[in-house]
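Data block for start.txt (compact mmCIF, C-alpha atoms):
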```
# COMPACT_ATOMS: atom_id res chain seq x y z
CA MET A 4 5.71 -0.97 -30.94
CA GLN A 5 5.04 -4.53 -31.92
CA ASN A 6 6.87 -7.35 -33.65
CA GLN A 7 3.74 -8.76 -35.28
CA ASP A 8 5.37 -8.56 -38.71
CA ASP A 9 8.11 -10.95 -37.52
CA PHE A 10 5.60 -13.74 -37.02
CA ASP A 11 3.02 -15.45 -39.15
CA TYR A 12 0.16 -15.08 -36.69
CA PRO A 13 -3.21 -16.58 -37.66
CA GLU A 14 -6.10 -14.20 -38.30
CA ASP A 15 -7.76 -14.74 -34.91
CA VAL A 16 -4.54 -13.86 -33.07
CA LEU A 17 -4.07 -10.73 -35.18
CA CYS A 18 -7.62 -9.64 -34.37
CA ALA A 19 -7.02 -10.25 -30.68
CA LEU A 20 -3.78 -8.25 -30.78
CA GLU A 21 -5.56 -5.39 -32.54
CA ALA A 22 -8.22 -5.31 -29.81
CA ILE A 23 -5.50 -5.38 -27.12
CA GLU A 24 -3.73 -2.47 -28.80
CA GLU A 25 -6.96 -0.45 -29.05
CA LEU A 26 -7.66 -0.94 -25.34
CA LYS A 27 -4.12 0.19 -24.53
CA LEU A 28 -4.36 3.30 -26.71
CA SER A 29 -7.68 4.23 -25.12
CA GLY A 30 -6.06 4.07 -21.68
CA GLU A 31 -7.81 0.89 -20.55
CA HIS A 32 -4.57 -0.73 -19.49
CA GLU A 33 -5.94 -3.26 -17.03
CA LYS A 34 -8.42 -4.55 -19.61
CA SER A 35 -5.69 -4.65 -22.23
CA ILE A 36 -3.50 -6.73 -19.91
CA THR A 37 -6.38 -9.11 -19.15
CA GLU A 38 -7.05 -9.63 -22.86
CA ALA A 39 -3.35 -10.21 -23.54
CA GLU A 40 -3.15 -12.74 -20.71
CA GLN A 41 -6.15 -14.58 -22.14
CA LEU A 42 -4.40 -14.70 -25.50
CA LEU A 43 -1.28 -16.07 -23.81
CA PHE A 44 -3.39 -18.78 -22.17
CA LYS A 45 -4.36 -19.92 -25.67
CA ASP A 46 -0.92 -19.31 -27.18
CA PRO A 47 1.83 -19.24 -24.49
CA ASP A 48 4.48 -18.39 -27.11
CA CYS A 49 2.80 -15.23 -28.40
CA VAL A 50 5.63 -12.70 -28.14
CA ALA A 51 3.45 -9.77 -29.24
CA ALA A 52 1.04 -10.41 -26.36
CA LEU A 53 3.94 -10.29 -23.88
CA GLU A 54 5.14 -7.04 -25.46
CA GLU A 55 1.67 -5.55 -25.06
CA ILE A 56 1.56 -6.62 -21.41
CA ALA A 57 4.95 -4.99 -20.80
CA ASP A 58 3.91 -1.78 -22.55
CA ASN A 59 0.71 -1.57 -20.51
CA TYR A 60 2.58 -2.13 -17.25
CA VAL A 61 4.94 0.73 -18.15
CA SER A 62 1.92 3.01 -18.59
CA LEU A 63 0.76 1.93 -15.12
CA ASP A 64 4.27 2.57 -13.66
CA ARG A 65 4.51 -1.08 -12.68
CA PHE A 66 8.02 -1.48 -13.98
CA ASP A 67 8.92 -4.75 -12.27
CA LYS A 68 6.03 -6.53 -14.00
CA ALA A 69 6.99 -4.89 -17.30
CA GLU A 70 10.51 -6.25 -16.95
CA VAL A 71 9.23 -9.77 -16.25
CA ALA A 72 7.10 -9.70 -19.41
CA CYS A 73 10.05 -8.40 -21.45
CA ARG A 74 12.38 -11.12 -20.17
CA ARG A 75 9.83 -13.76 -21.09
CA ALA A 76 9.44 -12.22 -24.56
CA LEU A 77 13.23 -12.31 -25.07
CA ASP A 78 13.37 -15.92 -23.92
CA LEU A 79 10.97 -16.71 -26.75
CA HIS A 80 12.39 -14.32 -29.32
CA GLN A 81 15.85 -12.78 -28.88
CA LYS A 82 15.17 -10.16 -31.56
CA SER A 83 12.25 -8.50 -29.82
CA TYR A 84 13.25 -4.86 -30.24
CA THR A 85 10.15 -3.82 -28.31
CA ALA A 86 11.29 -5.81 -25.27
CA TYR A 87 14.76 -4.25 -25.41
CA TYR A 88 13.24 -0.78 -25.84
CA ILE A 89 10.97 -1.21 -22.81
CA LEU A 90 13.83 -2.61 -20.69
CA GLY A 91 15.94 0.39 -21.72
CA PHE A 92 13.12 2.80 -20.94
CA VAL A 93 12.61 1.26 -17.50
CA ALA A 94 16.36 1.40 -16.79
CA SER A 95 16.47 5.07 -17.79
CA HIS A 96 13.54 5.77 -15.47
CA LYS A 97 15.61 4.21 -12.67
CA GLN A 98 18.61 6.31 -13.84
CA ASP A 99 20.57 3.14 -14.51
CA TRP A 100 22.10 4.79 -17.54
CA GLU A 101 24.59 2.08 -18.48
CA THR A 102 21.91 -0.62 -18.63
CA ALA A 103 19.58 1.77 -20.47
CA VAL A 104 22.20 2.53 -23.12
CA ASN A 105 23.01 -1.16 -23.66
CA ASP A 106 19.36 -2.22 -24.03
CA LEU A 107 18.41 0.74 -26.22
CA LYS A 108 21.40 0.14 -28.49
CA LYS A 109 20.17 -3.41 -29.01
CA ALA A 110 16.69 -2.11 -29.77
CA ASN A 111 18.13 0.36 -32.29
CA GLU A 112 20.24 -2.32 -33.96
CA LEU A 113 17.17 -4.52 -34.39
CA HIS A 114 14.88 -1.67 -35.45
CA PRO A 115 16.93 1.28 -36.79
CA ASN A 116 15.66 4.84 -37.26
CA ASN A 117 12.73 4.55 -34.88
CA PRO A 118 12.37 8.06 -33.42
CA GLU A 119 11.16 6.90 -29.98
CA ILE A 120 14.01 4.42 -29.56
CA LEU A 121 16.48 7.09 -30.68
CA ARG A 122 14.97 9.64 -28.30
CA CYS A 123 15.43 7.35 -25.31
CA LEU A 124 18.89 6.29 -26.47
CA GLY A 125 20.04 9.89 -26.96
CA TRP A 126 18.70 10.93 -23.56
CA SER A 127 20.36 7.96 -21.85
CA LEU A 128 23.70 8.57 -23.57
CA PHE A 129 23.63 12.24 -22.57
CA ASN A 130 22.94 11.37 -18.94
CA HIS A 131 25.56 8.63 -19.01
CA GLY A 132 28.18 11.32 -19.71
CA ARG A 133 28.39 10.93 -23.49
CA ARG A 134 26.86 14.32 -24.07
CA THR A 135 27.89 15.03 -27.67
CA GLN A 136 26.74 11.63 -28.89
CA GLY A 137 23.52 12.00 -26.95
CA VAL A 138 22.70 15.36 -28.53
CA VAL A 139 23.52 14.06 -32.02
CA ILE A 140 21.16 11.10 -31.61
CA LEU A 141 18.41 13.28 -30.15
CA GLU A 142 18.79 15.58 -33.17
CA ARG A 143 18.35 12.52 -35.41
CA ALA A 144 15.21 11.56 -33.54
CA LEU A 145 13.87 15.10 -33.98
CA ASN A 146 14.61 15.05 -37.71
CA LEU A 147 12.58 11.86 -38.00
CA GLU A 148 9.71 13.25 -35.91
CA PRO A 149 9.91 17.08 -35.86
CA GLU A 150 6.64 17.54 -33.96
CA SER A 151 7.53 15.30 -31.01
CA SER A 152 7.11 17.41 -27.90
CA LEU A 153 8.97 14.75 -25.88
CA THR A 154 12.05 14.90 -28.10
CA LEU A 155 11.93 18.70 -28.24
CA CYS A 156 11.77 18.80 -24.44
CA ASP A 157 14.59 16.28 -23.88
CA LEU A 158 16.82 18.06 -26.39
CA GLY A 159 15.95 21.43 -24.86
CA ILE A 160 17.01 20.15 -21.42
CA CYS A 161 20.28 18.85 -22.86
CA TYR A 162 21.07 22.22 -24.45
CA LEU A 163 20.16 23.90 -21.16
CA GLN A 164 22.66 21.71 -19.32
CA ILE A 165 25.45 22.60 -21.77
CA LYS A 166 24.47 26.28 -21.40
CA ASN A 167 23.23 26.83 -24.95
CA PHE A 168 20.32 28.86 -23.62
CA ASP A 169 19.05 30.28 -26.91
CA LYS A 170 18.76 26.83 -28.48
CA SER A 171 17.18 25.43 -25.32
CA ILE A 172 14.54 28.16 -25.21
CA GLU A 173 13.78 27.75 -28.92
CA LEU A 174 13.20 23.99 -28.57
CA LEU A 175 11.21 24.22 -25.34
CA LYS A 176 9.05 27.01 -26.74
CA LYS A 177 8.15 24.83 -29.73
CA ALA A 178 7.46 21.87 -27.41
CA MET A 179 5.14 24.07 -25.36
CA GLU A 180 3.28 25.18 -28.49
CA ILE A 181 2.69 21.52 -29.40
CA ASP A 182 1.78 20.38 -25.88
CA PRO A 183 0.75 23.49 -23.89
CA GLU A 184 -0.65 21.50 -20.92
CA ASN A 185 2.57 19.59 -20.24
CA LYS A 186 3.85 20.69 -16.81
CA ARG A 187 7.38 19.34 -17.35
CA ILE A 188 7.77 21.36 -20.53
CA GLN A 189 6.40 24.49 -18.86
CA GLU A 190 8.79 24.14 -15.92
CA CYS A 191 11.79 23.51 -18.18
CA TYR A 192 10.94 26.51 -20.37
CA THR A 193 10.65 28.75 -17.29
CA ALA A 194 13.98 27.43 -15.99
CA ALA A 195 15.70 27.99 -19.34
CA LYS A 196 14.41 31.57 -19.50
CA GLY A 197 15.53 32.18 -15.92
CA PHE A 198 19.03 30.82 -16.48
CA SER A 199 19.34 32.76 -19.74
CA ASP A 200 18.31 36.06 -18.11
CA ARG A 201 20.64 35.46 -15.16
CA TYR A 202 23.58 34.51 -17.41
CA THR A 203 22.99 37.53 -19.67
CA SER A 204 22.85 39.83 -16.63
CA LEU A 205 26.07 38.42 -15.16
CA ASP A 206 27.80 38.63 -18.54
CA SER A 207 26.77 42.29 -18.93
CA ARG A 208 28.12 43.13 -15.47
CA ALA A 209 31.41 41.41 -16.23
CA LYS A 210 31.79 43.33 -19.48
CA ARG A 211 31.07 46.65 -17.72
CA LYS A 212 33.76 45.89 -15.14
CA ILE A 213 36.28 45.11 -17.87
CA ALA A 214 35.38 48.32 -19.70
```
Could you rewrite the structure in this file as structure tokens?
Amino acid sequence: MQNQDDFDYPEDVLCALEAIEELKLSGEHEKSITEAEQLLFKDPDCVAALEEIADNYVSLDRFDKAEVACRRALDLHQKSYTAYYILGFVASHKQDWETAVNDLKKANELHPNNPEILRCLGWSLFNHGRRTQGVVILERALNLEPESSLTLCDLGICYLQIKNFDKSIELLKKAMEIDPENKRIQECYTAAKGFSDRYTSLDSRAKRKIA
């Protein structure tokens, strides 16, 4: 996520940002941060460079540094949806659901219908106790990006928690087909199957007793 389109960056800055993005996508986060910091040395008001730094720090699980970069980006540009998204993501990681919801709502207002923002917002709303709204927004995110294993997994967990086992298993199975090496998805699918089998067994026993 970048706000490059919000600014009229000169060609050399755009090239530098592209190189920073490529380093990030290839997993060279430290190098990407170094390049972004060098760009900031030349242009201290480059919001996109701060966003890239924050995004890289999230990938490195250095959330405090990511937050600092986001705050600086918002000081320069109050409509940085990427900064609000990252702040919301970090808050959700800390299970500070209220802060996560507030920041992610701002990100969504500034950049509507982004499936990743909606995924995080739906997940945060669900965990903040607004379960129906959370599921609805996660379903929207899935409609926008049907092959997202992350959204399928989050939605599958939500349906598991509200005891819709069939739907949970269906979503988690699809997520596992897309990303078969993902341990979280595997564990959630196994849990959903286990709960479903146990619930079905208990239900059958109860019906036999009634009969």
Measuring atom to atom with all atoms listed in the file, identify which of A:Arg75, A:Lys196, A:Lys186, A:Arg201 is nearest to Ser171 of chain A.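 Once distances to Ser171 of chain A are computed over all atoms listed in the file, the minimum belongs to A:Lys196.
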Interatomic distance between atom CA of Glu190 of chain A and atom CA of Asn130 of chain A?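 So the answer is 19.3 Å.
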(24.7, -2.3, -24.8) in this file's frame - what residues fall within 12 Å of it? Use all atoms listed in the file and give the answer as a list in words.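 Returned residue set, sorted by chain then number, is Tyr87, Tyr88, Leu90, Gly91, Trp100, Glu101, Thr102, Ala103, Val104, Asn105, Asp106, Leu107, Lys108, Lys109, Ala110, Asn111, Glu112, Leu124, Ser127 and Leu128 of chain A.
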Find the spatial neighbours of segment 23-30 of chain A, counting only C-alpha atoms, within a cut-off of 8 Å - ignore same-chain residues fewer than 4 positions away - and output them as number ranges by chain. A: 19, 34-36, 38-39, 55, 59
Could the residues in this selection be written to a file with C-alpha atoms, as a PDB file, in the coordinates of the input?
```pdb
ATOM      1  CA  ALA A  19      -7.020 -10.250 -30.680  1.00  0.00           C
ATOM      2  CA  LYS A  34      -8.420  -4.550 -19.610  1.00  0.00           C
ATOM      3  CA  SER A  35      -5.690  -4.650 -22.230  1.00  0.00           C
ATOM      4  CA  ILE A  36      -3.500  -6.730 -19.910  1.00  0.00           C
ATOM      5  CA  GLU A  38      -7.050  -9.630 -22.860  1.00  0.00           C
ATOM      6  CA  ALA A  39      -3.350 -10.210 -23.540  1.00  0.00           C
ATOM      7  CA  GLU A  55       1.670  -5.550 -25.060  1.00  0.00           C
ATOM      8  CA  ASN A  59       0.710  -1.570 -20.510  1.00  0.00           C
TER       9      ASN A  59
END
```
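Atom CA of Leu141 of chain A lies 17.9 Å from atom CA of Ile89 of chain A.
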Near segment 142-159 of chain A, counting only C-alpha atoms, which residues have an atom at most 6 Å away, once you skip same-chain residues fewer than 3 positions from it, shown as a ChimeraX atom specification? /A:118,121-122,139,162,171,174-175,178
So how far away is atom CA of Glu31 of chain A from atom CA of Glu54 of chain A, in Å? 16.0 Å
With distances taken over all atoms listed in the file, which residue among A:His114, A:Ala76, A:Lys170, A:Asp67 lies nearest His96 of chain A? A:Asp67
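Using all atoms listed in the file for every distance, the candidate list A:Arg187, A:Lys68, A:Arg74, A:Arg134 yields A:Arg134 as the residue closest to Ile165 of chain A.
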Excluding Val50 of chain A and residues on its chain fewer than 5 positions from it, collect all residues at most 12 Å away from it, counting all atoms listed in the file, and give them as a ChimeraX atom specification. /A:5-12,16,20,39-40,42-43,55-57,72-86
With only C-alpha atoms as the basis for distance, which of A:Asp15, A:Thr37, A:Tyr192, A:Phe129 is at the shortest distance from Lys177 of chain A? A:Tyr192
Extending 6 Å beyond the listed atoms of segment 165-181 of chain A on each side, what axis-aligned box results? I want centre and edge lengths in Å to one decimal, as JSON.
```
{"center_x": 14.1, "center_y": 25.9, "center_z": -25.6, "size_x": 34.8, "size_y": 20.8, "size_z": 20.3}
```
Could you check the closest approach to Glu119 of chain A for each of A:Tyr60, A:Ile140, A:Ala51, A:Glu14 and tell me which residue wins, using all atoms listed in the file?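 Of A:Tyr60, A:Ile140, A:Ala51, A:Glu14, the one nearest Glu119 of chain A is A:Ile140, counting all atoms listed in the file.
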